[in-house]
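Take a look at the structure below.
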Amino acid sequence: MLTYQQFYSAVNLPAWAPPSWWFGVAWSIIYPLFIAATIVAVHLWMKKRMPSAVLWALGINWIANLLFTPIELGLKPLWPASVDIVIVLASLIYVVGRAWRVSKPVVWLLVPYLVWGVFATALQLTIAFATH
């Protein structure tokens, strides 16, 4: 399996791709906020104020998010990672949409992740289609 640095330097990147170090900075901001949003959502669910479907979507998002890097770096075709990142983005959009009326703090905690998710999905799909 490649390291992320090896993978990123080996693929054909679009001109708008950020330097590889941006990923570490982005995730060092996103993960703590994502953890906080998850904790708030679970707390609200325990108080019967957050729909169970939101927690299911958060769980799917966590799993897909954590699987992305091993899929991206461990498999030769890039389409499985592309499917995975679309699942990440779709589940995140679902959570934000469903949580909007229930908890603005959950939504605002997820905004950086949502912005990065849209960007990262566009980057992943661009890379995948360029190499196919």
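Chain labels run A, B, ... following the order of the structure tokens; each chain numbers its residues from 1, and ligands are numbered from 1 in the order shown.
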Next on the checklist: What's around segment 87-103 of chain A at 12 Å? Count only C-alpha atoms, leave out sequence neighbours fewer than 6 positions away in its own chain, and write the answer as a ChimeraX atom specification.
Outcome noted: /A:34,37-38,40-45,47-68,80-81,109-122,124
Checklist entry - Leaving out Asn12 of chain A and any residue of its chain fewer than 3 positions from it, which residues lie within 8 Å of it when counting only C-alpha atoms, given as a ChimeraX atom specification? => result /A:127,130-131
Store the residues picked out above, limited to N, CA and C atoms, as a short mmCIF file (atom, residue, chain, number, x, y, z; two decimals), in the first residue's frame.
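Result written to again_1.cif:
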```
data_model
loop_
_atom_site.label_atom_id
_atom_site.label_comp_id
_atom_site.auth_asym_id
_atom_site.auth_seq_id
_atom_site.Cartn_x
_atom_site.Cartn_y
_atom_site.Cartn_z
N ILE A 127 -9.59 13.36 -10.36
CA ILE A 127 -8.41 12.47 -10.44
C ILE A 127 -8.82 11.12 -11.03
N ALA A 130 -9.56 11.36 -14.72
CA ALA A 130 -8.36 11.68 -15.49
C ALA A 130 -7.48 10.45 -15.68
N THR A 131 -7.55 9.50 -14.74
CA THR A 131 -6.70 8.31 -14.82
C THR A 131 -7.41 7.15 -15.48
#
```
Checklist entry - Interatomic distance between atom CA of Val106 of chain A and atom CA of Pro32 of chain A? => result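 Atom-to-atom, atom CA of Val106 of chain A to atom CA of Pro32 of chain A, that is 12.5 Å.
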Next on the checklist: Going by DSSP on the backbone, which residues of chain A come out as alpha helix (DSSP H)? List them as a count of residues only.
Outcome noted: 104
Checklist entry - Neighbours of Gly24 of chain A within 12 Å (only C-alpha atoms; same-chain residues fewer than 6 positions away dropped), as a list in words? => result Tyr4, Gln5, Pro18, Ile30 and Tyr31 of chain A
Next on the checklist: List the spatial neighbours of Ala128 of chain A as a PyMOL selection string - criterion: any atom at most 9 Å away, only C-alpha atoms, same-chain residues fewer than 4 positions off excluded.
Outcome noted: chain A and resi 77-79+81-82+123-124+132
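With only C-alpha atoms as the atoms that count, the minimum distance from Phe129 of chain A to the choices A:Leu2, A:Trp108, A:Pro14, A:Phe7 is reached by A:Pro14.
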